[in-house]
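Undergrad: Structure supplied as upload.cif; contents: mmCIF, C-alpha atoms and all ligand atoms.
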```
data_coords
#
loop_
_atom_site.group_PDB
_atom_site.id
_atom_site.type_symbol
_atom_site.label_atom_id
_atom_site.label_comp_id
_atom_site.auth_asym_id
_atom_site.auth_seq_id
_atom_site.Cartn_x
_atom_site.Cartn_y
_atom_site.Cartn_z
ATOM 1 C CA MET A 2 52.731 -37.586 -93.043
ATOM 2 C CA SER A 3 50.646 -40.736 -93.278
ATOM 3 C CA SER A 4 46.927 -40.791 -92.658
ATOM 4 C CA GLU A 5 47.557 -43.317 -89.915
ATOM 5 C CA ALA A 6 49.505 -40.714 -87.943
ATOM 6 C CA ASP A 7 46.601 -38.301 -88.412
ATOM 7 C CA ALA A 8 44.137 -40.797 -87.013
ATOM 8 C CA ALA A 9 46.271 -41.229 -83.910
ATOM 9 C CA SER A 10 46.591 -37.480 -83.414
ATOM 10 C CA PRO A 11 47.060 -36.724 -79.710
ATOM 11 C CA SER A 12 45.073 -33.504 -80.136
ATOM 12 C CA LYS A 13 41.887 -35.573 -80.186
ATOM 13 C CA PRO A 14 41.067 -36.685 -76.646
ATOM 14 C CA SER A 15 39.411 -40.025 -76.162
ATOM 15 C CA GLU A 16 38.262 -42.080 -73.243
ATOM 16 C CA THR A 17 38.031 -45.812 -72.698
ATOM 17 C CA TYR A 18 34.845 -47.163 -71.142
ATOM 18 C CA HIS A 19 34.341 -50.598 -69.658
ATOM 19 C CA GLY A 20 31.023 -52.286 -70.325
ATOM 20 C CA SER A 21 29.468 -55.662 -69.767
ATOM 21 C CA CYS A 22 26.236 -57.578 -69.996
ATOM 22 C CA HIS A 23 24.362 -58.219 -66.749
ATOM 23 C CA CYS A 24 25.677 -61.718 -66.037
ATOM 24 C CA GLY A 25 29.267 -60.851 -66.977
ATOM 25 C CA ARG A 26 29.658 -63.440 -69.742
ATOM 26 C CA PHE A 27 30.660 -60.551 -72.000
ATOM 27 C CA SER A 28 32.800 -57.587 -71.046
ATOM 28 C CA TYR A 29 34.524 -55.114 -73.299
ATOM 29 C CA ALA A 30 36.513 -51.892 -73.406
ATOM 30 C CA VAL A 31 35.293 -49.213 -75.813
ATOM 31 C CA THR A 32 37.465 -46.251 -76.748
ATOM 32 C CA TYR A 33 35.498 -43.227 -77.883
ATOM 33 C CA SER A 34 36.444 -39.741 -78.973
ATOM 34 C CA PRO A 35 35.553 -37.226 -77.711
ATOM 35 C CA PRO A 36 34.876 -38.411 -74.130
ATOM 36 C CA LEU A 37 31.153 -38.669 -73.384
ATOM 37 C CA SER A 38 31.510 -35.846 -70.859
ATOM 38 C CA ASP A 39 32.557 -33.521 -73.716
ATOM 39 C CA PRO A 40 29.750 -31.195 -74.925
ATOM 40 C CA ASP A 41 30.562 -32.274 -78.502
ATOM 41 C CA ALA A 42 29.858 -35.918 -77.720
ATOM 42 C CA SER A 43 26.326 -37.076 -78.276
ATOM 43 C CA VAL A 44 24.507 -40.259 -77.443
ATOM 44 C CA VAL A 45 21.597 -41.318 -79.626
ATOM 45 C CA GLU A 46 18.224 -41.951 -78.051
ATOM 46 C CA CYS A 47 15.847 -43.235 -80.725
ATOM 47 C CA ASN A 48 12.108 -43.909 -80.501
ATOM 48 C CA CYS A 49 11.894 -46.714 -83.092
ATOM 49 C CA SER A 50 10.318 -50.046 -82.159
ATOM 50 C CA ILE A 51 13.554 -51.825 -81.265
ATOM 51 C CA CYS A 52 15.354 -48.937 -79.547
ATOM 52 C CA ALA A 53 12.310 -48.221 -77.392
ATOM 53 C CA ARG A 54 12.075 -51.825 -76.221
ATOM 54 C CA ASN A 55 15.787 -52.340 -75.643
ATOM 55 C CA GLY A 56 16.287 -48.975 -73.977
ATOM 56 C CA TYR A 57 19.232 -48.283 -76.214
ATOM 57 C CA LEU A 58 21.411 -45.252 -75.645
ATOM 58 C CA LEU A 59 23.859 -45.600 -78.522
ATOM 59 C CA ILE A 60 27.235 -44.364 -79.637
ATOM 60 C CA TYR A 61 28.801 -45.396 -82.940
ATOM 61 C CA VAL A 62 32.387 -46.571 -82.958
ATOM 62 C CA ASP A 63 34.802 -48.275 -85.327
ATOM 63 C CA VAL A 64 34.892 -51.999 -84.533
ATOM 64 C CA SER A 65 38.652 -51.702 -83.944
ATOM 65 C CA HIS A 66 37.887 -49.519 -80.912
ATOM 66 C CA ILE A 67 36.100 -52.346 -79.119
ATOM 67 C CA ASN A 68 38.230 -54.864 -77.252
ATOM 68 C CA TYR A 69 36.549 -57.908 -75.756
ATOM 69 C CA GLU A 70 37.835 -58.719 -72.297
ATOM 70 C CA LYS A 71 35.460 -61.614 -71.738
ATOM 71 C CA GLY A 72 33.497 -63.500 -74.366
ATOM 72 C CA VAL A 73 33.804 -63.044 -78.114
ATOM 73 C CA PHE A 74 31.496 -61.094 -80.414
ATOM 74 C CA ASP A 75 30.407 -64.200 -82.362
ATOM 75 C CA GLU A 76 28.960 -65.754 -79.191
ATOM 76 C CA LEU A 77 26.381 -62.982 -78.820
ATOM 77 C CA LYS A 78 22.897 -63.815 -80.009
ATOM 78 C CA LYS A 79 21.775 -61.901 -83.082
ATOM 79 C CA TYR A 80 18.330 -60.547 -83.938
ATOM 80 C CA THR A 81 17.251 -58.932 -87.193
ATOM 81 C CA PHE A 82 13.831 -57.862 -88.483
ATOM 82 C CA ALA A 83 12.097 -55.971 -91.323
ATOM 83 C CA ASN A 84 14.773 -55.340 -93.999
ATOM 84 C CA HIS A 85 17.433 -57.148 -91.895
ATOM 85 C CA GLU A 86 19.931 -54.342 -92.530
ATOM 86 C CA ILE A 87 20.757 -53.980 -88.836
ATOM 87 C CA ALA A 88 21.542 -56.842 -86.484
ATOM 88 C CA HIS A 89 20.929 -56.443 -82.760
ATOM 89 C CA TYR A 90 23.242 -58.342 -80.436
ATOM 90 C CA PHE A 91 22.407 -59.535 -76.949
ATOM 91 C CA CYS A 92 23.815 -61.927 -74.368
ATOM 92 C CA PRO A 93 22.199 -65.377 -74.758
ATOM 93 C CA THR A 94 22.437 -65.919 -70.995
ATOM 94 C CA CYS A 95 21.083 -62.715 -69.462
ATOM 95 C CA GLY A 96 19.510 -60.998 -72.481
ATOM 96 C CA THR A 97 21.293 -57.659 -72.112
ATOM 97 C CA SER A 98 21.188 -55.701 -75.393
ATOM 98 C CA CYS A 99 24.788 -54.642 -75.935
ATOM 99 C CA PHE A 100 25.329 -53.774 -79.601
ATOM 100 C CA ALA A 101 23.836 -53.173 -83.020
ATOM 101 C CA LYS A 102 25.655 -53.446 -86.314
ATOM 102 C CA ALA A 103 24.930 -53.219 -90.030
ATOM 103 C CA THR A 104 24.633 -56.679 -91.576
ATOM 104 C CA ALA A 105 26.349 -55.512 -94.790
ATOM 105 C CA THR A 106 30.006 -56.580 -94.891
ATOM 106 C CA GLU A 107 30.872 -53.741 -97.288
ATOM 107 C CA GLY A 108 29.956 -50.084 -97.445
ATOM 108 C CA PRO A 109 30.294 -47.078 -95.152
ATOM 109 C CA TYR A 110 28.853 -48.806 -92.062
ATOM 110 C CA ALA A 111 30.558 -52.195 -92.414
ATOM 111 C CA ASN A 112 33.168 -51.429 -89.767
ATOM 112 C CA MET A 113 30.932 -49.389 -87.490
ATOM 113 C CA GLN A 114 29.218 -50.752 -84.441
ATOM 114 C CA ALA A 115 26.617 -49.171 -82.204
ATOM 115 C CA VAL A 116 27.276 -49.674 -78.506
ATOM 116 C CA ASN A 117 24.622 -49.375 -75.791
ATOM 117 C CA VAL A 118 26.272 -47.030 -73.269
ATOM 118 C CA ARG A 119 23.812 -48.243 -70.616
ATOM 119 C CA THR A 120 26.128 -51.263 -70.337
ATOM 120 C CA PHE A 121 29.089 -49.050 -69.303
ATOM 121 C CA GLN A 122 30.250 -49.170 -65.693
ATOM 122 C CA GLY A 123 29.835 -46.051 -63.610
ATOM 123 C CA LEU A 124 28.494 -43.859 -66.409
ATOM 124 C CA GLU A 125 26.255 -41.077 -65.107
ATOM 125 C CA LEU A 126 23.367 -41.282 -67.571
ATOM 126 C CA LYS A 127 21.949 -37.915 -66.514
ATOM 127 C CA SER A 128 25.202 -36.224 -67.566
ATOM 128 C CA LEU A 129 24.961 -37.433 -71.156
ATOM 129 C CA ASN A 130 24.250 -35.132 -74.059
ATOM 130 C CA LEU A 131 21.353 -37.077 -75.563
ATOM 131 C CA LYS A 132 20.496 -36.618 -79.210
ATOM 132 C CA GLU A 133 16.910 -37.604 -79.895
ATOM 133 C CA VAL A 134 16.390 -39.400 -83.184
ATOM 134 C CA ASP A 135 12.897 -39.911 -84.567
ATOM 135 C CA GLY A 136 13.406 -43.407 -85.966
ATOM 136 C CA LYS A 137 9.716 -44.168 -85.487
ATOM 137 C CA SER A 138 8.688 -41.814 -88.307
ATOM 138 C CA ARG A 139 11.206 -43.128 -90.832
HETATM 139 ZN ZN ZN B 1 25.011 -61.867 -69.922
#
```
If you convert what's in this file into structure tokens, what do you get?
TA:
Amino acid sequence: MSSEADAASPSKPSETYHGSCHCGRFSYAVTYSPPLSDPDASVVECNCSICARNGYLLIYVDVSHINYEKGVFDELKKYTFANHEIAHYFCPTCGTSCFAKATATEGPYANMQAVNVRTFQGLELKSLNLKEVDGKSR
């Protein structure tokens, strides 16, 4: 059995969420496993300087699980600071903070992208299993 077949195992439920920036220049479908309503799913709420300001509620997904329906990733505006290891992506028109991603093109996080679930349509934020991360003290 190939590892590819394992990755596509039907025993792992997933759900596809539709998100967009405020003005609609960017919209995207994000497939995440397990579904955010699952008790095993957690959404990161961090208190660091950038997360606090952007109001991020983040999940981490493989970039292949994000499909752009409108706009392309490279058209988002990018912001980095301090050690510049993480880039923060926002819509240049409306300023919505949609994603964060490691700037390194190799390594364990190269293909991972953080998605702000606040941009998802119809997601009940109060139902989320929030995982508090103390990024401020790091
Ligand atoms: Zn926008």
Undergrad: Would you list the residues that come within 9 Å of ligand ZN 1 (chain B)? Count all atoms listed in the file and give the answer as a list in words.
TA: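 Result of the 9 Å neighbour search around ligand ZN 1 (chain B): Ser21, Cys22, His23, Cys24, Gly25, Arg26, Phe27, Ser28, Phe91, Cys92, Pro93, Thr94, Cys95, Gly96 and Thr97 of chain A.
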Undergrad: Expanded to explicit residues, what is the PyMOL selection byres (((chain A and resi 110) around 12) and not hetatm) for this file, as a PyMOL selection string?
TA: chain A and resi 61-64+86-87+101-109+111-115
Undergrad: For this file, the PyMOL selection byres (((chain A and resi 129) around 12) and not hetatm) selects which residues, as a compact mmCIF listing (two decimals) with C-alpha atoms, in the frame of the given file?
TA:
```txt
# COMPACT_ATOMS: atom_id res chain seq x y z
CA PRO A 36 34.88 -38.41 -74.13
CA LEU A 37 31.15 -38.67 -73.38
CA SER A 38 31.51 -35.85 -70.86
CA ASP A 39 32.56 -33.52 -73.72
CA PRO A 40 29.75 -31.20 -74.92
CA ASP A 41 30.56 -32.27 -78.50
CA ALA A 42 29.86 -35.92 -77.72
CA SER A 43 26.33 -37.08 -78.28
CA VAL A 44 24.51 -40.26 -77.44
CA VAL A 45 21.60 -41.32 -79.63
CA GLU A 46 18.22 -41.95 -78.05
CA LEU A 58 21.41 -45.25 -75.64
CA LEU A 59 23.86 -45.60 -78.52
CA ILE A 60 27.24 -44.36 -79.64
CA VAL A 118 26.27 -47.03 -73.27
CA ARG A 119 23.81 -48.24 -70.62
CA LEU A 124 28.49 -43.86 -66.41
CA GLU A 125 26.26 -41.08 -65.11
CA LEU A 126 23.37 -41.28 -67.57
CA LYS A 127 21.95 -37.92 -66.51
CA SER A 128 25.20 -36.22 -67.57
CA ASN A 130 24.25 -35.13 -74.06
CA LEU A 131 21.35 -37.08 -75.56
CA LYS A 132 20.50 -36.62 -79.21
CA GLU A 133 16.91 -37.60 -79.90
```
Undergrad: With only C-alpha atoms as the atoms that count, which of A:Tyr29, A:Gln122, A:Lys79, A:Ser34 lies nearest to A:Lys13?
TA: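 Closest to A:Lys13 of all the choices is A:Ser34.
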Undergrad: For atom CA of A:Ala53 and atom CA of A:His85, determine how far apart the two atoms are, in Å to one decimal place.
TA: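 Interatomic distance here is 17.8 Å.
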Undergrad: Which of these residues is nearest to A:Phe100, using only C-alpha atoms: A:Ser65, A:Gly72, A:Tyr57, A:Phe121?
TA: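 Selected residue with least distance to A:Phe100: A:Tyr57.
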Undergrad: Find the spatial neighbours of A:Arg139, counting all atoms listed in the file, within a cut-off of 12 Å - ignore same-chain residues fewer than 6 positions away - and output them as a PyMOL selection string.
TA: chain A and resi 47-50
Undergrad: In Å, with one decimal, what is the gap from atom CA of A:Ser15 to atom CA of A:Asn68?
TA: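 Atom CA of A:Asn68 lies at a distance of 14.9 Å from atom CA of A:Ser15.
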Undergrad: From the list A:Ala88, A:Cys52, A:Val116, A:Val134, which residue is nearest A:His19 when using only C-alpha atoms?
TA: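 Of A:Ala88, A:Cys52, A:Val116, A:Val134, the one nearest A:His19, counting only C-alpha atoms, is A:Val116.
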Undergrad: Using only C-alpha atoms, which of A:Asp135, A:Tyr33, A:Asn55, A:Thr120 sits nearest A:His89?
TA: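 Of A:Asp135, A:Tyr33, A:Asn55, A:Thr120, the one nearest A:His89, counting only C-alpha atoms, is A:Asn55.
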Undergrad: Can you work out the spacing between atom CA of A:Val31 and atom CA of A:Phe82 in Å, to one decimal?
TA: 26.4 Å
Undergrad: Once 5 Å is added on each side, what centre and edge lengths in Å to one decimal does the axis-aligned box around all listed atoms of stretch 65-80 of chain A have, as lines of an AutoDock Vina configuration file?
TA:
```
center_x = 28.5
center_y = -57.6
center_z = -77.8
size_x = 30.3
size_y = 26.2
size_z = 22.2
```
